[in-house]
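Below: the structure, in structure tokens.
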There are 2 protein chains.
Amino acid sequence: MSEYRGYEGNSLEFLKQNQIVVGDAVKLLADITYSGIIMPRYEHSDDEHIVLKLKSGYNIGLEISKIEKVEKEQVAKKITETNEKIEKVEGLPKILLLSTGGTIASKIDYRTGAVTPVLTAEELNASVPELAKIANIDAEVLFSEYSENIMPEHWLKIAEKIEKFSKSDYSGIIIAHGTDTMHYTSSFLSFALSGFPIPIVLVGSQRSSDRASSDAALNLIGATKFITENNTNGVYIVMHQDENDNTIACHLGTRVRKNHTSKRGAFQTIGDIPAFIITEKQTQKNISKNYFERDEFQPKINLDTKVALVKYHPGFDPNLLNQIIEMGYKGIIFEGTGLGHVGKVMYENVKKANEKGIFLGMTSQCIDGRVRMTVYESGRDLLDLGIIPLENMIPEVALVKAMWAIGNSQNVEEIKEIMLQNIASELTN
Amino acid sequence: MSEYRGYEGNSLEFLKQNQIVVGDAVKLLADITYSGIIMPRYEHSDDEHIVLKLKSGYNIGLEISKIEKVEKEQVAKKITETNEKIEKVEGLPKILLLSTGGTIASKIDYRTGAVTPVLTAEELNASVPELAKIANIDAEVLFSEYSENIMPEHWLKIAEKIEKFSKSDYSGIIIAHGTDTMHYTSSFLSFALSGFPIPIVLVGSQRSSDRASSDAALNLIGATKFITENNTNGVYIVMHQDENDNTIACHLGTRVRKNHTSKRGAFQTIGDIPAFIITEKQTQKNISKNYFERDEFQPKINLDTKVALVKYHPGFDPNLLNQIIEMGYKGIIFEGTGLGHVGKVMYENVKKANEKGIFLGMTSQCIDGRVRMTVYESGRDLLDLGIIPLENMIPEVALVKAMWAIGNSQNVEEIKEIMLQNIASELTN
């Protein structure tokens, strides 16, 4: 790693003048005194700031013109791009950290668009020194994709990798993952690895670790603490609870959605509070049920992507539904309106889809609440036409579950049975 | 109206024995004393309850076995199914009430599924006597559809009807509407009737007026008060703020979604508090900007439904996008992931769509927050391929706006311009 990595122009000059380099622990006097470590920069948008990693785990950007005094407290250790290993502490729990890409494992040049290679295991570890005090972490790069490019094939790879560790001495598995589709991946792992004996925790960040105000470090620490402090299993997403820096939320992997494009507290448990809330002082457990319906580990790592998600709206062209039928889809998850409706204009093709043996499941575009198709005429009509109401399953989860159910079934009756069975907390009361 | 309308078996017997009929004001002693008016019943699920309309506007169901004493306070006026007019009080503001169907204007037999004809104007009025004290209401049935069956053709009918009253002496227009697609209709009216001089208020109910705990009356009263107490214009949705019976929320018609399948407080302003909060004592105004960008009334009551809403997800088959292109769609609104992304697997067909002159707009399935396509490589790629980022426009609103923009444009450049122009608060800071 260059001693001045990412710094240019004035900010580079500032570091040189003050004889400090990336990795040095310093005290900086500006409006108040800041203690922390000089971080590399990857945002090249200006050369007027340096980035300091505070003890809280947060990075802040400081304007160099406002820094009155620089005091070096500790010289940078030569932590670096080599494969130097973090030292393991005997007696600490073991965790496997798999990286799949995403903001949490990326270094981005926001101006040029170049993405530097994924953080290696040791880089991730080194960037969050707190982790080594909580657990001995083995880390491995599985692949490096932004999560909008994570495909069902990647879900299979992740599941196949994790399956091997069902009888390991790990206390849990952390998956660093892009946030965009993290809840789709957590859903698939929930079904494919039903009953997996140790917790599987997906963690991401809304702001990359080289940005001031990155949430990467705190989320990683939260995930690690969640695993070491709770004797549980299941698949979870661990992210900031809200915009505050002191609370981490642990969401059930089948009950969670990314509900904001940019906030650090973007992930929300739908219709409930998060399963666990983690602060520096304690972990608060808000659930009493087990995550998996069964205790035995029953991996079923298969899927069939021939499932369409159809969001009904006024003006929806029923011919589009017909196209989906003709394209050979095996399942259709409707995001209906309200309690689970689509307009009468759709009935003919719904009937046709049912006659062709396509699985038809109903969820609601309201997202929160439960479909209930016996209240209104439309709902009863659709039940008659063969649509299965999927209770309070979140549409995206129903989509993933249908892909998985179809990949593990011989016929539509079996698919229906699986879809209505609570496997991994996807159906709650 | 039958004197015992909807009552059967034990509950009918109970009314006869106590010599009370529908419409009588009574005091009933059960666990506490209830004062109210005996309401007709349409839920035939049991004959053990009678429905009482309390002074609060709410209906409650009382179990007849628990009623210890019945005291008649006032004999039912002969309000009925005739066209008898509610008396107008001189000097009160005038409001036009249009009914389009939906739960608020329906009487449902939940057991048989039969839907009795829409409530007439005078029935709606009579069912909420408080209205006549606030405003002189002229009422008209436009049509009678559950909102999952409201089509863009219905939007046009509503807009064409309202347009005629731009120079009337009405203080506002109330549209009774099913809740399922109410926010789609409010969006269309916002664009088609941009600058309309008096407020247009959509109101619905989550529980029909013949059910205990119906929200119909309070929502109607809230809508009426909102119009008479606020000198404003724009298109709004007025519904319960939450599960409490004392607070009504008034949402901007382009910033609102039905976010719960069944709760009375199902409608939420996305990313903000509601524009107005109405309690019995006061109206709290939370916005400072005008609803419409321009003051002049510029009706443009046209649309083209050839717009598809494409919600991207892992496993989305790009061939489906290709089908949409081949089917002659003129616009595609993407519900992308996160800040506005779709996977690389879609690029080829996105490029093709753009080359065919199809309008391509990006929103986020996160729903809350703003798309920002310059942050990540994927976003920049998609900008290069011709996708237009639609800021913080809600996906459903973007869909409706695109239908409207295409119906009022000559070419794709004009559509793009309209889509990025703030017309009716659909784009906010």
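By convention here, the chains of the structure tokens are called A, B, ... in the order presented, each chain's residues are numbered starting at 1, and ligands are numbered starting at 1 in the order presented.
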
Exercise answer, chain B residues close to chain A, 6 Å and only C-alpha atoms, as a PDB file with C-alpha atoms, in the first residue's frame:
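For reference, part_13.pdb as written:
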ATOM      1  CA  GLY B 113     -70.306 -12.707  -1.674  1.00  0.00           C
ATOM      2  CA  GLU B 148     -58.700  -3.506  -8.361  1.00  0.00           C
ATOM      3  CA  ASN B 149     -61.060  -3.158 -11.331  1.00  0.00           C
ATOM      4  CA  MET B 151     -58.767   0.921 -15.161  1.00  0.00           C
ATOM      5  CA  PRO B 152     -57.091   3.894 -16.807  1.00  0.00           C
ATOM      6  CA  ASP B 180     -56.436  -0.828  -3.423  1.00  0.00           C
ATOM      7  CA  LYS B 258     -51.012   1.799   0.547  1.00  0.00           C
ATOM      8  CA  ASN B 259     -48.418   0.155   2.763  1.00  0.00           C
ATOM      9  CA  HIS B 260     -50.513  -2.322   4.710  1.00  0.00           C
ATOM     10  CA  THR B 261     -53.118  -4.788   3.518  1.00  0.00           C
ATOM     11  CA  THR B 305     -51.279   2.558 -21.309  1.00  0.00           C
ATOM     12  CA  PRO B 314     -31.941 -11.839  -9.332  1.00  0.00           C
ATOM     13  CA  GLY B 315     -33.011 -14.399 -11.911  1.00  0.00           C
ATOM     14  CA  THR B 337     -32.484  -2.285  -6.834  1.00  0.00           C
ATOM     15  CA  GLY B 338     -30.936   0.170  -4.391  1.00  0.00           C
ATOM     16  CA  LEU B 339     -29.871   3.459  -5.926  1.00  0.00           C
ATOM     17  CA  VAL B 342     -30.391  -3.717 -12.799  1.00  0.00           C
ATOM     18  CA  GLY B 343     -27.956  -6.553 -13.434  1.00  0.00           C
ATOM     19  CA  CYS B 366     -36.651   0.329  -1.958  1.00  0.00           C
ATOM     20  CA  ASP B 368     -38.147   5.269   0.012  1.00  0.00           C
ATOM     21  CA  GLY B 369     -35.159   7.392  -0.894  1.00  0.00           C
ATOM     22  CA  GLU B 377     -20.523   1.488 -12.138  1.00  0.00           C
TER      23      GLU B 377
END

Would you superpose chain A on chain B, least squares on all C-alpha atoms in order, and hand back the fitted chain as a compact mmCIF listing (two decimals) with C-alpha atoms, in the first residue's frame?
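Written file, part-v9.txt:
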# COMPACT_ATOMS: atom_id res chain seq x y z
CA MET A 1 -85.08 -0.07 4.01
CA SER A 2 -86.40 -2.93 6.09
CA GLU A 3 -86.71 -2.03 9.71
CA TYR A 4 -84.49 -4.99 10.57
CA ARG A 5 -82.20 -4.92 7.58
CA GLY A 6 -79.57 -7.60 7.72
CA TYR A 7 -80.61 -9.01 11.09
CA GLU A 8 -81.46 -12.68 11.36
CA GLY A 9 -82.16 -15.32 13.98
CA ASN A 10 -81.25 -14.34 17.52
CA SER A 11 -80.27 -10.76 16.77
CA LEU A 12 -83.53 -10.20 14.88
CA GLU A 13 -85.44 -11.70 17.78
CA PHE A 14 -83.57 -9.40 20.16
CA LEU A 15 -84.57 -6.29 18.22
CA LYS A 16 -88.19 -7.37 18.05
CA GLN A 17 -88.39 -8.23 21.74
CA ASN A 18 -86.97 -4.87 22.67
CA GLN A 19 -89.16 -3.06 20.14
CA ILE A 20 -86.28 -1.34 18.46
CA VAL A 21 -85.53 -1.07 14.76
CA VAL A 22 -82.67 0.06 12.53
CA GLY A 23 -82.22 3.80 12.89
CA ASP A 24 -83.43 4.05 16.49
CA ALA A 25 -81.23 5.97 18.90
CA VAL A 26 -80.73 3.78 21.96
CA LYS A 27 -78.81 3.41 25.18
CA LEU A 28 -77.51 -0.10 25.77
CA LEU A 29 -76.15 -1.30 29.07
CA ALA A 30 -73.50 -4.00 28.68
CA ASP A 31 -70.03 -3.81 30.26
CA ILE A 32 -70.54 -0.06 30.07
CA THR A 33 -73.36 2.04 28.69
CA TYR A 34 -73.32 2.63 24.92
CA SER A 35 -75.32 5.40 23.25
CA GLY A 36 -75.85 5.31 19.53
CA ILE A 37 -77.97 4.37 16.58
CA ILE A 38 -78.90 0.84 15.58
CA MET A 39 -77.26 0.18 12.22
CA PRO A 40 -78.23 -2.24 9.49
CA ARG A 41 -76.08 -5.35 9.20
CA TYR A 42 -74.57 -6.83 6.08
CA GLU A 43 -72.22 -9.33 7.62
CA HIS A 44 -74.25 -12.45 8.01
CA SER A 45 -71.55 -14.40 9.73
CA ASP A 46 -73.45 -14.66 13.00
CA ASP A 47 -76.73 -13.64 14.57
CA GLU A 48 -75.35 -12.94 18.03
CA HIS A 49 -74.45 -9.26 17.53
CA ILE A 50 -76.12 -5.99 16.83
CA VAL A 51 -74.24 -3.04 15.39
CA LEU A 52 -74.40 0.34 17.04
CA LYS A 53 -73.14 3.56 15.53
CA LEU A 54 -71.54 5.58 18.32
CA LYS A 55 -71.41 9.35 18.43
CA SER A 56 -67.71 9.19 17.58
CA GLY A 57 -68.73 8.00 14.13
CA TYR A 58 -67.57 4.46 14.82
CA ASN A 59 -69.64 1.35 14.61
CA ILE A 60 -69.26 -1.32 17.23
CA GLY A 61 -70.64 -4.81 17.35
CA LEU A 62 -72.29 -5.74 20.66
CA GLU A 63 -72.98 -9.31 21.67
CA ILE A 64 -76.67 -9.53 22.50
CA SER A 65 -76.18 -11.97 25.35
CA LYS A 66 -74.16 -9.33 27.18
CA ILE A 67 -76.71 -6.55 26.81
CA GLU A 68 -78.51 -6.16 30.10
CA LYS A 69 -80.75 -3.25 29.37
CA VAL A 70 -82.12 -1.43 26.32
CA GLU A 71 -83.46 2.10 26.47
CA LYS A 72 -84.89 3.79 23.40
CA GLU A 73 -83.92 7.44 23.19
CA GLN A 74 -85.26 8.47 19.82
CA VAL A 75 -87.33 6.74 17.23
CA ALA A 76 -85.75 6.11 13.83
CA LYS A 77 -86.34 8.80 11.28
CA LYS A 78 -87.57 7.30 8.07
CA ILE A 79 -84.20 7.62 6.35
CA THR A 80 -84.20 5.22 3.62
CA GLU A 81 -83.54 4.08 0.14
CA THR A 82 -85.69 6.75 -1.44
CA ASN A 83 -84.16 9.83 -2.94
CA GLU A 84 -85.17 12.01 -0.05
CA LYS A 85 -82.73 14.89 0.05
CA ILE A 86 -80.64 15.93 3.02
CA GLU A 87 -81.56 19.47 3.90
CA LYS A 88 -79.04 22.09 2.88
CA VAL A 89 -78.03 24.76 5.38
CA GLU A 90 -77.59 28.20 3.91
CA GLY A 91 -74.11 29.65 4.14
CA LEU A 92 -72.22 26.38 4.41
CA PRO A 93 -69.47 25.66 1.87
CA LYS A 94 -70.49 23.49 -1.08
CA ILE A 95 -68.77 20.21 -1.85
CA LEU A 96 -69.23 17.77 -4.70
CA LEU A 97 -69.05 14.14 -3.65
CA LEU A 98 -68.42 11.68 -6.48
CA SER A 99 -68.64 8.02 -5.77
CA THR A 100 -66.71 5.47 -7.82
CA GLY A 101 -67.29 2.37 -5.73
CA GLY A 102 -65.03 0.58 -3.34
CA THR A 103 -65.55 -0.46 0.23
CA ILE A 104 -66.64 3.00 1.30
CA ALA A 105 -69.64 2.88 -1.01
CA SER A 106 -70.50 -0.79 -0.66
CA LYS A 107 -72.60 -3.09 1.36
CA ILE A 108 -71.21 -6.54 1.39
CA ASP A 109 -72.59 -9.83 2.45
CA TYR A 110 -69.35 -11.42 3.48
CA ARG A 111 -70.83 -14.88 3.54
CA THR A 112 -72.59 -15.07 0.24
CA GLY A 113 -70.37 -12.68 -1.64
CA ALA A 114 -73.32 -10.68 -2.91
CA VAL A 115 -72.61 -6.99 -3.16
CA THR A 116 -75.65 -4.81 -2.75
CA PRO A 117 -75.83 -1.77 -4.99
CA VAL A 118 -73.61 1.16 -4.28
CA LEU A 119 -74.71 3.57 -1.60
CA THR A 120 -76.47 6.45 -3.26
CA ALA A 121 -75.39 9.97 -2.63
CA GLU A 122 -78.04 10.50 -0.02
CA GLU A 123 -77.32 7.20 1.63
CA LEU A 124 -73.67 8.11 2.05
CA ASN A 125 -74.73 11.48 3.35
CA ALA A 126 -77.35 10.01 5.61
CA SER A 127 -74.92 7.47 6.98
CA VAL A 128 -72.70 10.32 8.19
CA PRO A 129 -75.05 12.99 9.54
CA GLU A 130 -72.07 15.07 10.69
CA LEU A 131 -71.32 15.99 7.09
CA ALA A 132 -74.45 18.08 6.67
CA LYS A 133 -73.34 20.31 9.51
CA ILE A 134 -70.00 21.11 7.83
CA ALA A 135 -70.93 21.46 4.19
CA ASN A 136 -73.75 21.28 1.69
CA ILE A 137 -72.90 18.20 -0.25
CA ASP A 138 -74.08 17.41 -3.74
CA ALA A 139 -73.44 13.80 -4.48
CA GLU A 140 -73.33 11.74 -7.61
CA VAL A 141 -72.53 8.14 -8.43
CA LEU A 142 -69.96 8.07 -11.23
CA PHE A 143 -69.65 4.31 -11.36
CA SER A 144 -69.39 1.43 -8.98
CA GLU A 145 -66.19 -0.57 -9.11
CA TYR A 146 -63.88 -2.09 -6.60
CA SER A 147 -60.61 -0.36 -7.16
CA GLU A 148 -58.76 -3.43 -8.43
CA ASN A 149 -61.11 -3.07 -11.40
CA ILE A 150 -60.53 0.64 -11.87
CA MET A 151 -58.79 1.01 -15.21
CA PRO A 152 -57.10 3.98 -16.86
CA GLU A 153 -60.41 4.51 -18.73
CA HIS A 154 -62.02 5.21 -15.35
CA TRP A 155 -59.29 7.73 -14.54
CA LEU A 156 -60.22 9.57 -17.72
CA LYS A 157 -63.92 9.56 -16.80
CA ILE A 158 -63.22 10.95 -13.36
CA ALA A 159 -60.94 13.66 -14.73
CA GLU A 160 -63.42 14.64 -17.44
CA LYS A 161 -66.17 14.92 -14.86
CA ILE A 162 -64.09 17.05 -12.50
CA GLU A 163 -62.73 19.30 -15.23
CA LYS A 164 -66.22 20.76 -15.71
CA PHE A 165 -66.19 22.18 -12.21
CA SER A 166 -63.06 24.30 -12.45
CA LYS A 167 -65.20 27.43 -12.28
CA SER A 168 -67.95 26.17 -10.00
CA ASP A 169 -68.87 27.43 -6.55
CA TYR A 170 -67.69 24.20 -4.94
CA SER A 171 -65.01 24.51 -2.29
CA GLY A 172 -63.68 21.10 -3.18
CA ILE A 173 -64.41 17.71 -4.64
CA ILE A 174 -64.45 14.45 -2.72
CA ILE A 175 -64.06 11.16 -4.56
CA ALA A 176 -65.14 8.05 -2.69
CA HIS A 177 -62.84 5.35 -4.06
CA GLY A 178 -61.66 1.85 -3.30
CA THR A 179 -58.37 1.85 -1.44
CA ASP A 180 -56.51 -0.78 -3.47
CA THR A 181 -55.56 1.51 -6.33
CA MET A 182 -56.54 4.89 -4.91
CA HIS A 183 -52.95 6.15 -5.12
CA TYR A 184 -52.78 5.32 -8.83
CA THR A 185 -55.94 7.34 -9.44
CA SER A 186 -54.73 10.26 -7.31
CA SER A 187 -51.52 10.30 -9.36
CA PHE A 188 -53.35 10.46 -12.65
CA LEU A 189 -55.67 13.24 -11.51
CA SER A 190 -52.61 15.16 -10.26
CA PHE A 191 -51.06 15.21 -13.72
CA ALA A 192 -54.19 15.42 -15.86
CA LEU A 193 -55.76 18.23 -13.83
CA SER A 194 -52.58 20.13 -12.99
CA GLY A 195 -53.44 23.50 -11.47
CA PHE A 196 -57.08 22.65 -10.71
CA PRO A 197 -58.22 25.51 -8.51
CA ILE A 198 -59.94 23.63 -5.68
CA PRO A 199 -58.82 20.58 -3.72
CA ILE A 200 -59.61 17.11 -5.02
CA VAL A 201 -59.73 14.66 -2.14
CA LEU A 202 -59.87 10.91 -2.53
CA VAL A 203 -61.28 9.07 0.41
CA GLY A 204 -61.82 5.40 1.06
CA SER A 205 -62.29 3.02 3.88
CA GLN A 206 -60.52 -0.12 4.93
CA ARG A 207 -63.62 -1.52 6.60
CA SER A 208 -67.07 -1.06 5.10
CA SER A 209 -69.52 1.20 6.86
CA ASP A 210 -71.71 -1.68 7.94
CA ARG A 211 -68.88 -3.23 9.91
CA ALA A 212 -68.09 -2.46 13.47
CA SER A 213 -64.90 -0.38 13.49
CA SER A 214 -65.50 1.02 10.02
CA ASP A 215 -63.33 3.98 9.19
CA ALA A 216 -65.66 5.25 6.47
CA ALA A 217 -67.44 7.94 8.46
CA LEU A 218 -64.37 9.47 10.08
CA ASN A 219 -62.49 9.53 6.79
CA LEU A 220 -65.41 11.28 5.07
CA ILE A 221 -65.67 13.80 7.88
CA GLY A 222 -61.91 14.34 7.72
CA ALA A 223 -62.03 14.94 3.97
CA THR A 224 -64.87 17.42 4.37
CA LYS A 225 -63.14 19.29 7.17
CA PHE A 226 -59.90 19.37 5.22
CA ILE A 227 -61.66 21.08 2.31
CA THR A 228 -63.66 23.55 4.35
CA GLU A 229 -60.88 24.50 6.72
CA ASN A 230 -57.98 24.85 4.27
CA ASN A 231 -57.78 27.25 1.41
CA THR A 232 -55.56 25.13 -0.80
CA ASN A 233 -55.60 23.09 -3.97
CA GLY A 234 -54.04 19.86 -5.12
CA VAL A 235 -54.97 16.20 -5.07
CA TYR A 236 -54.95 14.38 -1.75
CA ILE A 237 -55.75 11.08 -0.15
CA VAL A 238 -57.45 11.41 3.21
CA MET A 239 -57.47 8.37 5.49
CA HIS A 240 -56.85 7.35 9.08
CA GLN A 241 -53.37 8.34 10.24
CA ASP A 242 -53.01 5.13 12.26
CA GLU A 243 -55.15 2.77 14.27
CA ASN A 244 -56.37 5.57 16.50
CA ASP A 245 -59.82 6.95 15.94
CA ASN A 246 -58.99 10.59 16.38
CA THR A 247 -56.43 11.49 13.73
CA ILE A 248 -56.89 11.79 9.99
CA ALA A 249 -53.91 12.11 7.66
CA CYS A 250 -54.00 14.05 4.44
CA HIS A 251 -51.38 12.77 1.99
CA LEU A 252 -50.12 14.42 -1.16
CA GLY A 253 -51.69 12.37 -3.97
CA THR A 254 -48.32 11.70 -5.65
CA ARG A 255 -46.34 10.90 -2.50
CA VAL A 256 -48.50 8.20 -0.98
CA ARG A 257 -48.82 4.43 -1.01
CA LYS A 258 -51.05 1.81 0.50
CA ASN A 259 -48.49 0.16 2.74
CA HIS A 260 -50.61 -2.30 4.68
CA THR A 261 -53.22 -4.77 3.47
CA SER A 262 -55.77 -4.22 6.21
CA LYS A 263 -54.91 -1.56 8.79
CA ARG A 264 -56.98 1.60 8.85
CA GLY A 265 -53.75 3.58 8.82
CA ALA A 266 -52.57 1.74 5.71
CA PHE A 267 -51.77 4.82 3.66
CA GLN A 268 -48.45 6.48 4.25
CA THR A 269 -46.65 9.45 2.82
CA ILE A 270 -43.34 8.07 1.53
CA GLY A 271 -40.29 9.53 3.21
CA ASP A 272 -42.10 12.29 5.02
CA ILE A 273 -44.92 13.06 7.40
CA PRO A 274 -48.38 13.64 5.89
CA ALA A 275 -49.06 17.08 4.39
CA PHE A 276 -51.89 17.78 6.83
CA ILE A 277 -52.94 16.13 10.05
CA ILE A 278 -56.56 16.64 11.01
CA THR A 279 -57.90 16.15 14.51
CA GLU A 280 -61.24 17.20 15.91
CA LYS A 281 -59.68 20.34 17.29
CA GLN A 282 -57.32 21.49 14.57
CA THR A 283 -55.65 21.01 11.24
CA GLN A 284 -51.87 20.92 11.32
CA LYS A 285 -50.21 21.91 8.07
CA ASN A 286 -46.82 20.34 7.44
CA ILE A 287 -46.01 21.61 3.98
CA SER A 288 -45.03 25.02 2.74
CA LYS A 289 -44.92 24.45 -1.00
CA ASN A 290 -47.84 24.49 -3.40
CA TYR A 291 -49.05 21.15 -4.60
CA PHE A 292 -49.00 22.11 -8.26
CA GLU A 293 -45.90 23.63 -9.77
CA ARG A 294 -48.01 26.12 -11.75
CA ASP A 295 -51.06 28.09 -10.71
CA GLU A 296 -52.88 27.99 -14.02
CA PHE A 297 -55.27 25.15 -14.64
CA GLN A 298 -54.01 23.18 -17.61
CA PRO A 299 -56.06 20.04 -18.08
CA LYS A 300 -54.41 17.39 -20.21
CA ILE A 301 -56.75 14.45 -19.97
CA ASN A 302 -54.94 11.92 -22.15
CA LEU A 303 -52.91 8.82 -21.57
CA ASP A 304 -51.33 5.86 -23.27
CA THR A 305 -51.29 2.61 -21.34
CA LYS A 306 -48.38 1.11 -23.26
CA VAL A 307 -46.07 1.40 -20.27
CA ALA A 308 -44.63 -1.58 -18.40
CA LEU A 309 -43.47 -1.67 -14.80
CA VAL A 310 -40.44 -3.95 -14.61
CA LYS A 311 -39.36 -4.97 -11.15
CA TYR A 312 -35.85 -6.31 -11.45
CA HIS A 313 -34.75 -9.22 -9.27
CA PRO A 314 -32.04 -11.89 -9.33
CA GLY A 315 -33.11 -14.42 -11.90
CA PHE A 316 -35.10 -11.91 -13.95
CA ASP A 317 -35.17 -13.28 -17.46
CA PRO A 318 -33.96 -10.63 -19.92
CA ASN A 319 -36.12 -12.32 -22.58
CA LEU A 320 -39.13 -11.02 -20.74
CA LEU A 321 -37.82 -7.49 -21.27
CA ASN A 322 -37.33 -8.38 -24.91
CA GLN A 323 -40.98 -9.49 -25.12
CA ILE A 324 -42.06 -6.15 -23.73
CA ILE A 325 -40.02 -4.38 -26.39
CA GLU A 326 -41.48 -6.58 -29.11
CA MET A 327 -45.03 -5.99 -27.86
CA GLY A 328 -44.71 -2.35 -28.82
CA TYR A 329 -44.46 -0.75 -25.41
CA LYS A 330 -43.60 2.93 -25.49
CA GLY A 331 -42.33 3.27 -21.96
CA ILE A 332 -40.70 1.08 -19.32
CA ILE A 333 -40.45 2.06 -15.68
CA PHE A 334 -37.82 -0.02 -13.93
CA GLU A 335 -38.17 -0.78 -10.26
CA GLY A 336 -34.46 -1.27 -9.88
CA THR A 337 -32.55 -2.34 -6.82
CA GLY A 338 -30.97 0.11 -4.38
CA LEU A 339 -29.91 3.40 -5.89
CA GLY A 340 -31.34 2.37 -9.27
CA HIS A 341 -29.68 -0.73 -10.67
CA VAL A 342 -30.44 -3.76 -12.77
CA GLY A 343 -28.01 -6.61 -13.41
CA LYS A 344 -25.63 -6.66 -16.37
CA VAL A 345 -27.72 -9.48 -17.79
CA MET A 346 -30.31 -6.83 -18.74
CA TYR A 347 -27.98 -4.44 -20.55
CA GLU A 348 -28.35 -5.81 -24.05
CA ASN A 349 -32.12 -5.49 -24.01
CA VAL A 350 -32.03 -2.13 -22.26
CA LYS A 351 -29.84 -0.92 -25.10
CA LYS A 352 -32.26 -2.35 -27.65
CA ALA A 353 -35.22 -0.67 -25.94
CA ASN A 354 -33.46 2.67 -25.99
CA GLU A 355 -32.57 2.30 -29.65
CA LYS A 356 -36.23 1.63 -30.40
CA GLY A 357 -37.14 4.96 -28.83
CA ILE A 358 -38.85 3.51 -25.78
CA PHE A 359 -38.82 5.81 -22.77
CA LEU A 360 -36.80 4.18 -19.96
CA GLY A 361 -37.19 5.50 -16.43
CA MET A 362 -35.53 4.26 -13.24
CA THR A 363 -37.13 4.10 -9.81
CA SER A 364 -36.23 1.96 -6.81
CA GLN A 365 -37.97 -1.03 -5.29
CA CYS A 366 -36.72 0.29 -1.95
CA ILE A 367 -39.65 2.72 -2.43
CA ASP A 368 -38.19 5.24 0.03
CA GLY A 369 -35.17 7.35 -0.86
CA ARG A 370 -33.83 8.64 -4.12
CA VAL A 371 -32.26 6.88 -7.08
CA ARG A 372 -28.72 8.02 -7.70
CA MET A 373 -27.11 6.40 -10.68
CA THR A 374 -23.72 8.08 -10.61
CA VAL A 375 -22.40 6.31 -7.50
CA TYR A 376 -21.77 2.83 -8.84
CA GLU A 377 -20.57 1.37 -12.08
CA SER A 378 -23.95 -0.27 -12.74
CA GLY A 379 -25.75 3.03 -12.44
CA ARG A 380 -23.35 4.78 -14.78
CA ASP A 381 -23.61 1.95 -17.29
CA LEU A 382 -27.39 2.27 -17.27
CA LEU A 383 -27.22 6.03 -17.71
CA ASP A 384 -25.04 5.40 -20.75
CA LEU A 385 -27.67 2.99 -22.04
CA GLY A 386 -30.29 5.72 -21.89
CA ILE A 387 -32.15 5.12 -18.64
CA ILE A 388 -33.45 8.30 -17.00
CA PRO A 389 -33.16 8.42 -13.19
CA LEU A 390 -36.50 9.55 -11.75
CA GLU A 391 -35.18 10.98 -8.48
CA ASN A 392 -37.53 10.14 -5.61
CA MET A 393 -40.60 9.42 -7.69
CA ILE A 394 -42.52 6.46 -6.28
CA PRO A 395 -42.55 3.57 -8.81
CA GLU A 396 -46.36 3.48 -9.13
CA VAL A 397 -46.46 7.25 -9.62
CA ALA A 398 -43.73 7.06 -12.26
CA LEU A 399 -45.77 4.42 -14.09
CA VAL A 400 -48.88 6.61 -14.13
CA LYS A 401 -46.91 9.71 -15.03
CA ALA A 402 -45.27 7.90 -17.93
CA MET A 403 -48.70 6.79 -19.24
CA TRP A 404 -49.83 10.39 -19.04
CA ALA A 405 -46.63 11.87 -20.48
CA ILE A 406 -46.70 9.50 -23.44
CA GLY A 407 -50.36 10.33 -24.05
CA ASN A 408 -49.45 14.01 -24.21
CA SER A 409 -46.19 13.91 -26.19
CA GLN A 410 -45.06 13.67 -29.76
CA ASN A 411 -41.68 12.04 -29.21
CA VAL A 412 -39.40 10.50 -26.62
CA GLU A 413 -37.45 13.71 -25.99
CA GLU A 414 -40.65 15.44 -24.98
CA ILE A 415 -41.55 12.50 -22.72
CA LYS A 416 -38.16 12.71 -21.01
CA GLU A 417 -38.60 16.42 -20.42
CA ILE A 418 -42.04 15.96 -18.88
CA MET A 419 -40.90 13.07 -16.71
CA LEU A 420 -38.17 15.16 -15.09
CA GLN A 421 -40.39 18.21 -14.62
CA ASN A 422 -42.05 18.52 -11.24
CA ILE A 423 -45.73 18.92 -12.02
CA ALA A 424 -47.62 17.88 -8.93
CA SER A 425 -45.20 17.30 -6.04
CA GLU A 426 -44.12 13.95 -7.47
CA LEU A 427 -40.49 15.08 -7.21
CA THR A 428 -39.49 16.55 -3.89
CA ASN A 429 -36.20 17.55 -2.32

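All residues within segment 137-200 of chain A that the backbone DSSP calculation assigns to helix (DSSP H, G or I) are Ser147, Glu148, Asn149, Pro152, Glu153, His154, Trp155, Leu156, Lys157, Ile158, Ala159, Glu160, Lys161, Ile162, Glu163, Met182, His183, Tyr184, Thr185, Ser186, Ser187, Phe188, Leu189, Ser190, Phe191 and Ala192 of chain A.
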
(request) Check the DSSP output for the backbone and give back, as a ChimeraX atom specification, the residues of segment 7-177 of chain B in strand (DSSP E or B). (result) /B:25-29,33-39,49-54,59-63,69-74,94-99,107-108,115-116,136-141,170-176
